[in-house]
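Source file: target_24.txt. Holds: compact mmCIF, C-alpha atoms and all ligand atoms.
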```txt
# COMPACT_ATOMS: atom_id res chain seq x y z
CA MET Q 1 2.61 13.79 -30.29
CA THR Q 2 2.31 11.44 -33.23
CA ALA Q 3 -0.65 9.38 -34.40
CA ASN Q 4 1.76 6.74 -35.66
CA PRO Q 5 4.21 6.06 -32.84
CA ALA Q 6 5.98 3.38 -34.86
CA ALA Q 7 7.12 5.98 -37.36
CA ALA Q 8 9.22 7.78 -34.75
CA LEU Q 9 10.58 5.78 -31.84
CA ALA Q 10 10.24 7.59 -28.54
CA LEU Q 11 13.92 7.06 -27.84
CA PRO Q 12 17.15 7.52 -29.73
CA VAL Q 13 18.37 4.06 -30.75
CA LEU Q 14 21.89 4.42 -32.01
CA ASP Q 15 22.05 1.02 -33.65
CA GLU Q 16 20.17 1.20 -36.97
CA ALA Q 17 19.43 -2.55 -37.17
CA LEU Q 18 17.88 -2.49 -33.68
CA ALA Q 19 15.92 0.68 -34.46
CA ASP Q 20 14.51 -0.93 -37.63
CA ARG Q 21 13.54 -4.06 -35.77
CA LEU Q 22 11.79 -2.07 -33.02
CA ARG Q 23 9.93 0.05 -35.58
CA THR Q 24 8.74 -3.03 -37.46
CA ARG Q 25 7.63 -4.74 -34.23
CA LEU Q 26 5.92 -1.57 -32.97
CA GLU Q 27 4.00 -1.40 -36.23
CA LEU Q 28 2.72 -4.93 -35.51
CA VAL Q 29 1.70 -3.87 -32.01
CA GLU Q 30 -0.11 -0.87 -33.46
CA ARG Q 31 -2.08 -3.01 -35.90
CA ALA Q 32 -2.93 -5.52 -33.17
CA LEU Q 33 -4.11 -2.75 -30.84
CA THR Q 34 -6.46 -1.41 -33.49
CA GLY Q 35 -8.01 -4.88 -33.68
CA HIS Q 36 -8.25 -5.31 -29.90
CA VAL Q 37 -10.32 -2.15 -29.39
CA GLN Q 38 -13.02 -3.35 -31.80
CA SER Q 39 -16.34 -4.22 -30.21
CA ARG Q 40 -19.51 -5.71 -31.68
CA ALA Q 41 -21.13 -2.42 -30.59
CA ALA Q 42 -20.06 0.39 -32.95
CA PHE Q 43 -20.26 3.02 -30.22
CA VAL Q 44 -17.96 1.05 -27.92
CA THR Q 45 -15.43 0.75 -30.76
CA GLU Q 46 -15.63 4.50 -31.32
CA ALA Q 47 -15.16 5.35 -27.63
CA ALA Q 48 -12.39 2.75 -27.15
CA SER Q 49 -10.51 3.88 -30.27
CA HIS Q 50 -10.70 7.52 -29.26
CA LEU Q 51 -7.53 7.76 -27.12
CA LEU Q 52 -5.65 5.10 -29.06
CA ASP Q 53 -6.14 7.12 -32.26
CA ALA Q 54 -5.19 10.35 -30.48
CA GLY Q 55 -1.57 9.11 -30.39
CA GLY Q 56 0.63 8.65 -27.35
CA LYS Q 57 4.25 7.72 -27.01
CA ARG Q 58 3.75 3.93 -26.61
CA PHE Q 59 6.51 3.92 -23.98
CA ARG Q 60 5.25 0.72 -22.36
CA PRO Q 61 5.00 -1.42 -25.53
CA LEU Q 62 8.36 -0.06 -26.63
CA LEU Q 63 9.87 -1.16 -23.33
CA VAL Q 64 8.34 -4.65 -23.76
CA LEU Q 65 9.93 -4.92 -27.21
CA LEU Q 66 13.27 -3.57 -26.07
CA ALA Q 67 13.43 -5.79 -22.97
CA ALA Q 68 12.60 -8.78 -25.20
CA GLU Q 69 15.78 -8.06 -27.16
CA THR Q 70 17.79 -9.25 -24.13
CA GLY Q 71 16.58 -12.82 -24.82
CA ASP Q 72 16.84 -15.22 -27.73
CA GLY Q 73 13.09 -15.17 -28.55
CA ALA Q 74 12.46 -11.48 -29.17
CA ASP Q 75 10.47 -12.30 -32.33
CA SER Q 76 7.82 -14.38 -30.58
CA ASP Q 77 4.12 -13.55 -30.95
CA GLU Q 78 3.81 -13.55 -27.17
CA VAL Q 79 6.00 -10.46 -27.00
CA ILE Q 80 3.54 -8.58 -29.25
CA THR Q 81 0.62 -9.80 -27.12
CA ALA Q 82 2.40 -8.68 -23.95
CA ALA Q 83 3.03 -5.25 -25.50
CA CYS Q 84 -0.72 -4.97 -26.24
CA VAL Q 85 -1.62 -6.06 -22.70
CA VAL Q 86 0.39 -3.27 -21.07
CA GLU Q 87 -0.78 -0.57 -23.50
CA LEU Q 88 -4.45 -1.55 -23.13
CA THR Q 89 -4.13 -1.58 -19.33
CA HIS Q 90 -2.49 1.83 -19.46
CA LEU Q 91 -5.15 3.15 -21.85
CA ALA Q 92 -7.92 1.84 -19.57
CA SER Q 93 -6.38 3.63 -16.61
CA LEU Q 94 -6.23 6.92 -18.56
CA TYR Q 95 -10.00 6.86 -19.19
CA HIS Q 96 -10.54 6.48 -15.44
CA ASP Q 97 -7.82 8.92 -14.47
CA ASP Q 98 -9.32 11.69 -16.60
CA VAL Q 99 -12.64 11.23 -14.80
CA MET Q 100 -10.90 11.50 -11.42
CA ASP Q 101 -8.92 14.55 -12.54
CA GLU Q 102 -11.90 16.09 -14.40
CA ALA Q 103 -9.37 16.54 -17.22
CA ASP Q 104 -10.59 17.95 -20.51
CA LEU Q 105 -7.57 17.15 -22.67
CA ARG Q 106 -5.56 13.97 -23.25
CA ARG Q 107 -3.00 13.29 -25.95
CA GLY Q 108 -3.94 16.62 -27.50
CA ALA Q 109 -7.55 15.47 -27.97
CA GLU Q 110 -10.69 15.89 -25.91
CA SER Q 111 -10.68 13.42 -23.00
CA ALA Q 112 -13.45 10.80 -23.19
CA ASN Q 113 -15.25 12.30 -20.19
CA SER Q 114 -15.27 15.65 -21.93
CA ARG Q 115 -16.10 14.29 -25.41
CA TRP Q 116 -18.92 12.13 -23.97
CA ASP Q 117 -19.43 11.91 -20.19
CA ASN Q 118 -18.09 10.20 -17.05
CA LEU Q 119 -20.24 7.13 -17.52
CA VAL Q 120 -18.94 6.50 -21.05
CA ALA Q 121 -15.36 7.14 -19.93
CA ILE Q 122 -15.55 4.74 -16.96
CA LEU Q 123 -17.24 1.94 -18.88
CA THR Q 124 -14.88 2.32 -21.84
CA GLY Q 125 -11.98 2.04 -19.40
CA ASP Q 126 -13.58 -1.15 -18.06
CA PHE Q 127 -13.97 -2.49 -21.60
CA LEU Q 128 -10.31 -1.85 -22.39
CA PHE Q 129 -9.24 -3.45 -19.14
CA SER Q 130 -11.36 -6.52 -19.94
CA ARG Q 131 -9.79 -6.75 -23.36
CA SER Q 132 -6.37 -6.56 -21.78
CA SER Q 133 -7.35 -9.36 -19.37
CA GLU Q 134 -8.59 -11.57 -22.23
CA LEU Q 135 -5.24 -11.17 -23.95
CA THR Q 136 -3.31 -11.88 -20.74
CA ALA Q 137 -5.07 -15.24 -20.54
CA ASP Q 138 -3.37 -16.14 -23.85
CA LEU Q 139 -0.02 -15.66 -22.09
CA GLY Q 140 -0.70 -18.27 -19.41
CA PRO Q 141 -1.42 -18.35 -15.66
CA ASP Q 142 1.85 -16.74 -14.55
CA ALA Q 143 1.19 -13.74 -16.76
CA VAL Q 144 -2.36 -13.50 -15.40
CA ARG Q 145 -1.00 -13.48 -11.83
CA ILE Q 146 1.60 -10.84 -12.68
CA GLN Q 147 -1.06 -8.73 -14.41
CA ALA Q 148 -3.44 -9.06 -11.45
CA GLU Q 149 -0.74 -8.10 -8.92
CA THR Q 150 0.27 -5.18 -11.11
CA PHE Q 151 -3.29 -3.97 -11.34
CA THR Q 152 -3.75 -4.23 -7.57
CA ARG Q 153 -0.73 -1.97 -7.10
CA LEU Q 154 -1.88 0.44 -9.80
CA VAL Q 155 -5.31 0.92 -8.26
CA GLU Q 156 -3.92 1.07 -4.70
CA GLY Q 157 -1.48 3.78 -5.81
CA GLN Q 158 -4.25 5.77 -7.45
CA ILE Q 159 -6.45 5.53 -4.35
CA MET Q 160 -3.59 6.38 -1.97
CA GLU Q 161 -3.02 9.56 -3.96
CA THR Q 162 -6.42 10.78 -2.77
CA VAL Q 163 -5.56 10.07 0.89
CA PRO Q 164 -3.20 12.37 2.83
CA PRO Q 165 -0.10 10.89 4.52
CA GLY Q 166 -0.78 9.37 7.93
CA PRO Q 167 0.27 11.15 11.16
CA GLY Q 168 4.05 11.30 11.36
CA GLU Q 169 4.42 9.92 7.82
CA ASP Q 170 6.87 11.82 5.61
CA PRO Q 171 4.79 13.42 2.79
CA LEU Q 172 7.54 12.77 0.22
CA ALA Q 173 7.84 9.09 1.22
CA HIS Q 174 4.04 8.78 0.98
CA TYR Q 175 4.07 10.34 -2.44
CA LEU Q 176 6.91 8.16 -3.74
CA ASP Q 177 4.94 5.13 -2.57
CA VAL Q 178 1.92 6.39 -4.55
CA VAL Q 179 4.07 6.88 -7.65
CA ALA Q 180 5.61 3.41 -7.40
CA GLY Q 181 2.09 1.95 -7.29
CA LYS Q 182 0.28 3.97 -9.91
CA THR Q 183 3.07 4.09 -12.51
CA GLY Q 184 6.14 2.09 -11.40
CA SER Q 185 4.13 -1.13 -11.26
CA LEU Q 186 2.99 -1.25 -14.90
CA ILE Q 187 6.31 -0.09 -16.31
CA ALA Q 188 8.09 -2.75 -14.20
CA THR Q 189 5.69 -5.33 -15.65
CA SER Q 190 6.37 -4.06 -19.18
CA ALA Q 191 10.09 -4.77 -18.74
CA ARG Q 192 9.36 -8.06 -16.99
CA TYR Q 193 6.98 -9.32 -19.69
CA GLY Q 194 9.48 -8.34 -22.38
CA ALA Q 195 12.32 -10.25 -20.71
CA ARG Q 196 10.11 -13.24 -19.89
CA PHE Q 197 8.44 -13.67 -23.29
CA GLY Q 198 11.62 -12.75 -25.13
CA GLY Q 199 13.32 -15.73 -23.50
CA ALA Q 200 15.79 -13.90 -21.22
CA SER Q 201 17.30 -15.63 -18.17
CA ARG Q 202 15.57 -15.36 -14.78
CA GLU Q 203 18.44 -13.14 -13.59
CA VAL Q 204 17.92 -10.68 -16.45
CA GLU Q 205 14.14 -10.75 -15.94
CA GLU Q 206 14.57 -9.79 -12.29
CA ALA Q 207 17.08 -7.04 -13.07
CA LEU Q 208 14.84 -5.60 -15.78
CA THR Q 209 11.81 -5.68 -13.48
CA SER Q 210 13.71 -3.62 -10.97
CA TYR Q 211 15.01 -1.31 -13.73
CA GLY Q 212 11.42 -0.87 -15.00
CA GLU Q 213 10.09 -0.04 -11.56
CA ILE Q 214 12.65 2.75 -11.09
CA VAL Q 215 12.28 4.03 -14.66
CA GLY Q 216 8.49 4.01 -14.12
CA CYS Q 217 8.83 6.16 -11.01
CA ALA Q 218 11.16 8.54 -12.88
CA PHE Q 219 8.59 8.66 -15.72
CA GLN Q 220 5.80 9.70 -13.35
CA LEU Q 221 7.98 12.23 -11.55
CA SER Q 222 8.99 13.86 -14.83
CA ASP Q 223 5.28 13.89 -15.75
CA ASP Q 224 4.69 15.83 -12.50
CA ILE Q 225 7.39 18.33 -13.44
CA LEU Q 226 5.90 18.70 -16.93
CA ASP Q 227 2.44 19.23 -15.44
CA ILE Q 228 3.85 22.44 -13.98
CA ALA Q 229 6.49 23.42 -16.53
CA SER Q 230 5.06 22.64 -19.94
CA GLU Q 231 2.41 24.18 -22.15
CA THR Q 232 -0.47 22.25 -23.75
CA ALA Q 233 1.20 22.35 -27.16
CA GLU Q 234 4.03 20.17 -25.81
CA SER Q 235 2.20 17.83 -23.45
CA GLY Q 236 -1.25 17.53 -25.06
CA LYS Q 237 -2.68 18.04 -21.55
CA THR Q 238 -3.86 21.05 -19.56
CA PRO Q 239 -0.96 22.37 -17.43
CA GLY Q 240 -1.36 22.63 -13.66
CA THR Q 241 -3.96 19.84 -13.41
CA ASP Q 242 -2.31 18.30 -10.32
CA LEU Q 243 -2.19 21.70 -8.66
CA ARG Q 244 -5.82 22.41 -9.41
CA GLU Q 245 -6.78 18.99 -8.02
CA GLY Q 246 -4.70 19.62 -4.88
CA VAL Q 247 -2.33 16.68 -5.56
CA PRO Q 248 1.02 17.65 -3.98
CA THR Q 249 3.52 16.27 -6.49
CA LEU Q 250 7.34 16.25 -6.33
CA PRO Q 251 8.00 19.98 -7.12
CA VAL Q 252 5.34 21.10 -4.63
CA LEU Q 253 6.65 18.77 -1.91
CA MET Q 254 10.19 19.96 -2.52
CA ALA Q 255 9.13 23.64 -2.54
CA ARG Q 256 7.38 23.11 0.79
CA ALA Q 257 10.38 21.30 2.28
CA ALA Q 258 12.83 24.00 1.15
CA ALA Q 259 10.59 27.05 1.65
CA ARG Q 260 12.39 30.40 1.88
CA PRO Q 261 11.06 33.58 3.56
CA GLU Q 262 10.03 34.91 0.13
CA ASP Q 263 7.85 31.82 -0.42
CA ALA Q 264 5.14 32.94 2.02
CA ARG Q 265 2.69 33.76 -0.80
CA LEU Q 266 3.36 30.45 -2.57
CA LEU Q 267 2.75 28.49 0.66
CA GLU Q 268 -0.44 30.45 1.25
CA LEU Q 269 -1.63 29.62 -2.27
CA LEU Q 270 -0.69 25.94 -1.92
CA ASP Q 271 -2.95 25.76 1.12
CA ALA Q 272 -5.80 27.54 -0.71
CA ASP Q 273 -8.46 26.31 -3.10
CA LEU Q 274 -6.70 26.31 -6.47
CA THR Q 275 -9.78 25.63 -8.55
CA ASP Q 276 -9.98 29.45 -8.65
CA ASP Q 277 -8.40 30.42 -12.01
CA GLN Q 278 -6.57 33.50 -10.76
CA ARG Q 279 -5.04 31.81 -7.71
CA HIS Q 280 -4.16 28.79 -9.85
CA ALA Q 281 -2.33 30.93 -12.44
CA GLU Q 282 -0.39 32.76 -9.71
CA ALA Q 283 0.65 29.52 -7.97
CA LEU Q 284 1.71 27.98 -11.28
CA ASP Q 285 3.80 31.04 -12.09
CA LEU Q 286 5.53 31.08 -8.67
CA LEU Q 287 6.25 27.36 -8.83
CA ARG Q 288 7.70 27.55 -12.33
CA LYS Q 289 10.28 30.06 -11.05
CA HIS Q 290 11.04 28.17 -7.83
CA PRO Q 291 14.43 26.40 -7.39
CA ALA Q 292 12.46 23.31 -6.32
CA MET Q 293 11.83 22.71 -10.04
CA ASP Q 294 15.56 22.16 -10.57
CA SER Q 295 15.83 20.05 -7.42
CA ALA Q 296 12.99 17.88 -8.73
CA ARG Q 297 14.74 17.51 -12.11
CA GLU Q 298 18.00 16.52 -10.38
CA TYR Q 299 16.15 13.95 -8.28
CA VAL Q 300 14.63 12.38 -11.40
CA ILE Q 301 18.01 12.21 -13.15
CA ALA Q 302 19.47 10.49 -10.07
CA ARG Q 303 16.65 7.89 -10.22
CA ALA Q 304 17.34 7.28 -13.92
CA ASN Q 305 21.01 6.71 -13.10
CA GLU Q 306 19.99 4.27 -10.38
CA ALA Q 307 17.86 2.39 -12.94
CA LYS Q 308 20.80 2.16 -15.34
CA GLU Q 309 22.93 0.53 -12.63
CA ARG Q 310 20.46 -2.41 -12.61
CA LEU Q 311 21.46 -3.19 -16.19
CA SER Q 312 24.88 -4.62 -15.31
CA VAL Q 313 23.63 -8.19 -15.96
CA VAL Q 314 22.70 -7.29 -19.55
CA PRO Q 315 25.71 -7.77 -21.85
CA ALA Q 316 27.20 -4.52 -23.13
CA GLY Q 317 25.96 -3.78 -26.66
CA PRO Q 318 23.20 -1.99 -28.59
CA VAL Q 319 20.32 -3.34 -26.47
CA ARG Q 320 21.86 -2.25 -23.17
CA THR Q 321 22.78 1.12 -24.69
CA ALA Q 322 19.17 1.56 -25.84
CA LEU Q 323 17.84 0.62 -22.37
CA GLU Q 324 20.20 3.22 -20.88
CA ALA Q 325 18.98 5.80 -23.40
CA PHE Q 326 15.39 4.89 -22.50
CA ALA Q 327 16.07 5.77 -18.84
CA ASP Q 328 17.70 9.05 -19.88
CA VAL Q 329 14.85 10.01 -22.21
CA VAL Q 330 12.31 9.35 -19.47
CA ALA Q 331 14.20 11.56 -17.03
CA THR Q 332 14.68 14.49 -19.38
CA ARG Q 333 11.57 14.29 -21.55
CA THR Q 334 9.75 17.45 -22.57
CA ALA Q 335 6.43 15.84 -23.56
C1 LIG Q 401 -1.99 8.99 -14.32
O1 LIG Q 401 -1.75 9.86 -13.28
C2 LIG Q 401 -2.71 7.78 -13.79
C3 LIG Q 401 -2.18 6.56 -13.60
C4 LIG Q 401 -0.78 6.31 -13.94
C5 LIG Q 401 -2.94 5.39 -13.06
C6 LIG Q 401 -4.42 5.58 -12.94
C7 LIG Q 401 -5.14 4.34 -12.47
C8 LIG Q 401 -6.47 4.25 -12.32
C9 LIG Q 401 -7.37 5.42 -12.57
C10 LIG Q 401 -7.14 2.94 -11.97
C11 LIG Q 401 -7.73 2.38 -13.27
C12 LIG Q 401 -8.76 1.38 -13.06
C13 LIG Q 401 -9.36 0.62 -14.10
C14 LIG Q 401 -10.41 -0.40 -13.76
C15 LIG Q 401 -8.95 0.72 -15.52
P1 LIG Q 401 -1.66 11.44 -13.47
O2 LIG Q 401 -3.01 12.04 -13.34
O3 LIG Q 401 -0.63 11.92 -12.54
O4 LIG Q 401 -1.08 11.59 -14.96
P2 LIG Q 401 -1.59 12.42 -16.20
O5 LIG Q 401 -0.79 13.68 -16.16
O6 LIG Q 401 -1.21 11.59 -17.40
O7 LIG Q 401 -3.05 12.63 -16.09
MG MG Q 402 -4.35 12.75 -14.66
```
Go ahead and express the file in the form of structure tokens.
Ligand code: FPP
Ligand code: MG
Amino acid sequence: MTANPAAALALPVLDEALADRLRTRLELVERALTGHVQSRAAFVTEAASHLLDAGGKRFRPLLVLLAAETGDGADSDEVITAACVVELTHLASLYHDDVMDEADLRRGAESANSRWDNLVAILTGDFLFSRSSELTADLGPDAVRIQAETFTRLVEGQIMETVPPGPGEDPLAHYLDVVAGKTGSLIATSARYGARFGGASREVEEALTSYGEIVGCAFQLSDDILDIASETAESGKTPGTDLREGVPTLPVLMARAAARPEDARLLELLDADLTDDQRHAEALDLLRKHPAMDSAREYVIARANEAKERLSVVPAGPVRTALEAFADVVATRTA
């Protein structure tokens, strides 16, 4: 986790000129973001700066900048504004998400609900979302509509996660629908805004939107795997949060679907209350060793490959290579 994401791009860009350009543009985004979280109330500025200052990978703004490179107007100010819109929307959703998850850690720092309380966290999320909306207005009515539709999907996805699948509904299909809403939507919009405000053709914009949606799903699914597999030092979050909250994510759904006779204890634990520390630790340990973890990783890699196939309309060259690398990094990330 770095407090200055522009210093180290969250993807390997093989072309030095492109990497330099992205770093310079990300630095501009970073400076603009610092300005956008300022409020006339000092406490609001402090609360709204809290998670921004804690770091983060800036995957969404980076995708906006990279997608903009497919057009002939990648240097436009609107691209920077669009990058700020998606990061502020994402940041807003994290303040709310940590309240829902009762999370105590985010980006290696205390979550806002833990540092202050739920009320501060919710209202700060609202403030950041309002700021994001103000900025979207600068991008014109189409951008406002795209942002509104994206936000509808994001909130629907988050709510659907709290509702079990309907009778006869496949739990994995239900979950993938949740993931597409809560994460695929905003990452699709990041790629779409980049292409649109970077001056790409309509064909490229559509292909990148579809690429972003799939990459976004892969991003969330690898987050689910990391929630089980990684330690706090890597992720900056508390491991096993989904399990504790009873959210059946990809590895759990796959372990259930491919349960072996020796999985009786794991299945028993998955049906139990995992807010109990001892049961939680045992379930986490059994899941970490389960072959479903590898099946989940393979599934995510297959989704990343599917995303890369959408890039055929982007001319071969450093930008397409970097977009391909972006999909790979998302699928195999360790933090
Ligand atoms: C992370 O999920 C959460 C999201 C991707 C979206 C959350 C959206 C909301 C809470 C709606 C926001 C509403 C407003 C008004 C701002 P996760 O818990 O699986 O990921 P994590 O491991 O990063 O916590
Ligand atoms: Mg969460």
Subject >> Residues within 10 Å of Leu284 (chain Q), all atoms listed in the file, excluding chain neighbours under 2 positions, as a list in words >> reply: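 The neighbour list is Asp227, Ile228, Ala229, Pro239, Gly240, Leu243, Arg244, Leu266, Leu269, Leu270, Leu274, Gln278, Arg279, His280, Ala281, Glu282, Leu286, Leu287, Arg288, Lys289 and His290 of chain Q.
The coordinates place CA of Gln158 (chain Q) at 24.6 Å from CA of Ser295 (chain Q).
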Counting only C-alpha atoms and all ligand atoms, which residues of chain Q sit at most 7 Å from some atom of ligand LIG 401 (chain Q), and what is each one's closest atom pair with its distance in Å to one decimal, listed by chain and rising residue number, as a Markdown table?
```
| residue | atom | partner | partner_atom | distance |
| --- | --- | --- | --- | --- |
| Q:Thr89 | CA | Q:LIG401 | C15 | 6.6 |
| Q:Ala92 | CA | Q:LIG401 | C15 | 4.3 |
| Q:Ser93 | CA | Q:LIG401 | C11 | 3.8 |
| Q:Leu94 | CA | Q:LIG401 | C2 | 6.0 |
| Q:His96 | CA | Q:LIG401 | C9 | 4.4 |
| Q:Asp97 | CA | Q:LIG401 | C9 | 4.0 |
| Q:Asp98 | CA | Q:LIG401 | O7 | 6.4 |
| Q:Asp101 | CA | Q:LIG401 | O2 | 6.5 |
| Q:Gly125 | CA | Q:LIG401 | C15 | 5.1 |
| Q:Asp126 | CA | Q:LIG401 | C14 | 5.4 |
| Q:Phe129 | CA | Q:LIG401 | C15 | 5.5 |
| Q:Leu154 | CA | Q:LIG401 | C7 | 5.7 |
| Q:Val155 | CA | Q:LIG401 | C10 | 4.6 |
| Q:Gln158 | CA | Q:LIG401 | C7 | 5.3 |
| Q:Lys182 | CA | Q:LIG401 | C5 | 4.7 |
| Q:Thr183 | CA | Q:LIG401 | C4 | 4.7 |
| Q:Gln220 | CA | Q:LIG401 | O3 | 6.9 |
| Q:Asp223 | CA | Q:LIG401 | O5 | 6.1 |
| Q:Asp224 | CA | Q:LIG401 | O3 | 6.6 |
| Q:Asp227 | CA | Q:LIG401 | O5 | 6.5 |
| Q:Asp242 | CA | Q:LIG401 | O3 | 7.0 |
```
**OP:** Do a neighbour search on Ser76 (chain Q) at 12 Å with only C-alpha atoms, toss out local chain neighbours closer than 3 positions, and write the hits as a count of residues only.
**Re:** 21
**OP:** Can you work out which one of Q:Ala191, Q:Leu253, Q:Ala103, Q:Leu323 has the shortest atom-to-atom distance to ligand MG 402 (chain Q), counting all atoms listed in the file?
**Re:** Q:Ala103
Subject >> Coordinates-based distance that separates CA of Tyr193 (chain Q) from CA of Leu26 (chain Q) (Å, one decimal) >> reply: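 Taking CA of Leu26 (chain Q) and CA of Tyr193 (chain Q), their separation equals 15.4 Å.
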Original post:
For Val319 (chain Q), which residue out of Q:Leu250, Q:Met100, Q:Ala17, Q:Ala292 is the nearest one, using all atoms listed in the file?
Top reply: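 Of all the options, Q:Ala17 lies closest to Val319 (chain Q).
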**OP:** Mind giving me the straight-line distance from CA of Thr24 (chain Q) to CA of Ser133 (chain Q) in Å, one decimal?
**Re:**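 Going from CA of Thr24 (chain Q) over to CA of Ser133 (chain Q), I get 25.0 Å.
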Return as JSON the box centre and box size in Å, one decimal, for an axis-aligned box around all listed atoms of region 216-220 of chain Q padded by 8 Å per side.
```
{"center_x": 8.5, "center_y": 6.9, "center_z": -13.4, "size_x": 21.4, "size_y": 21.7, "size_z": 20.7}
```
Subject >> Long-range neighbours of Arg192 (chain Q) as an MDAnalysis selection string, 8 Å cut-off, all atoms listed in the file, 3 positions minimum in chain >> reply: chainID Q and resid 64 67 188:189 195:196 205:206 208:209 212
Original post:
Restricting the calculation to all atoms listed in the file, which member of Q:Ala207, Q:Leu221, Q:Leu52, Q:Leu63 is positioned closest to Ala112 (chain Q)?
Top reply: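 The shortest atom-to-atom distance to Ala112 (chain Q) comes from Q:Leu52.
When only C-alpha atoms and all ligand atoms are used to measure the gap to ligand MG 402 (chain Q), the shortest distance among Q:Asp53, Q:Asp77, Q:Asp104, Q:Asp138 belongs to Q:Asp104.
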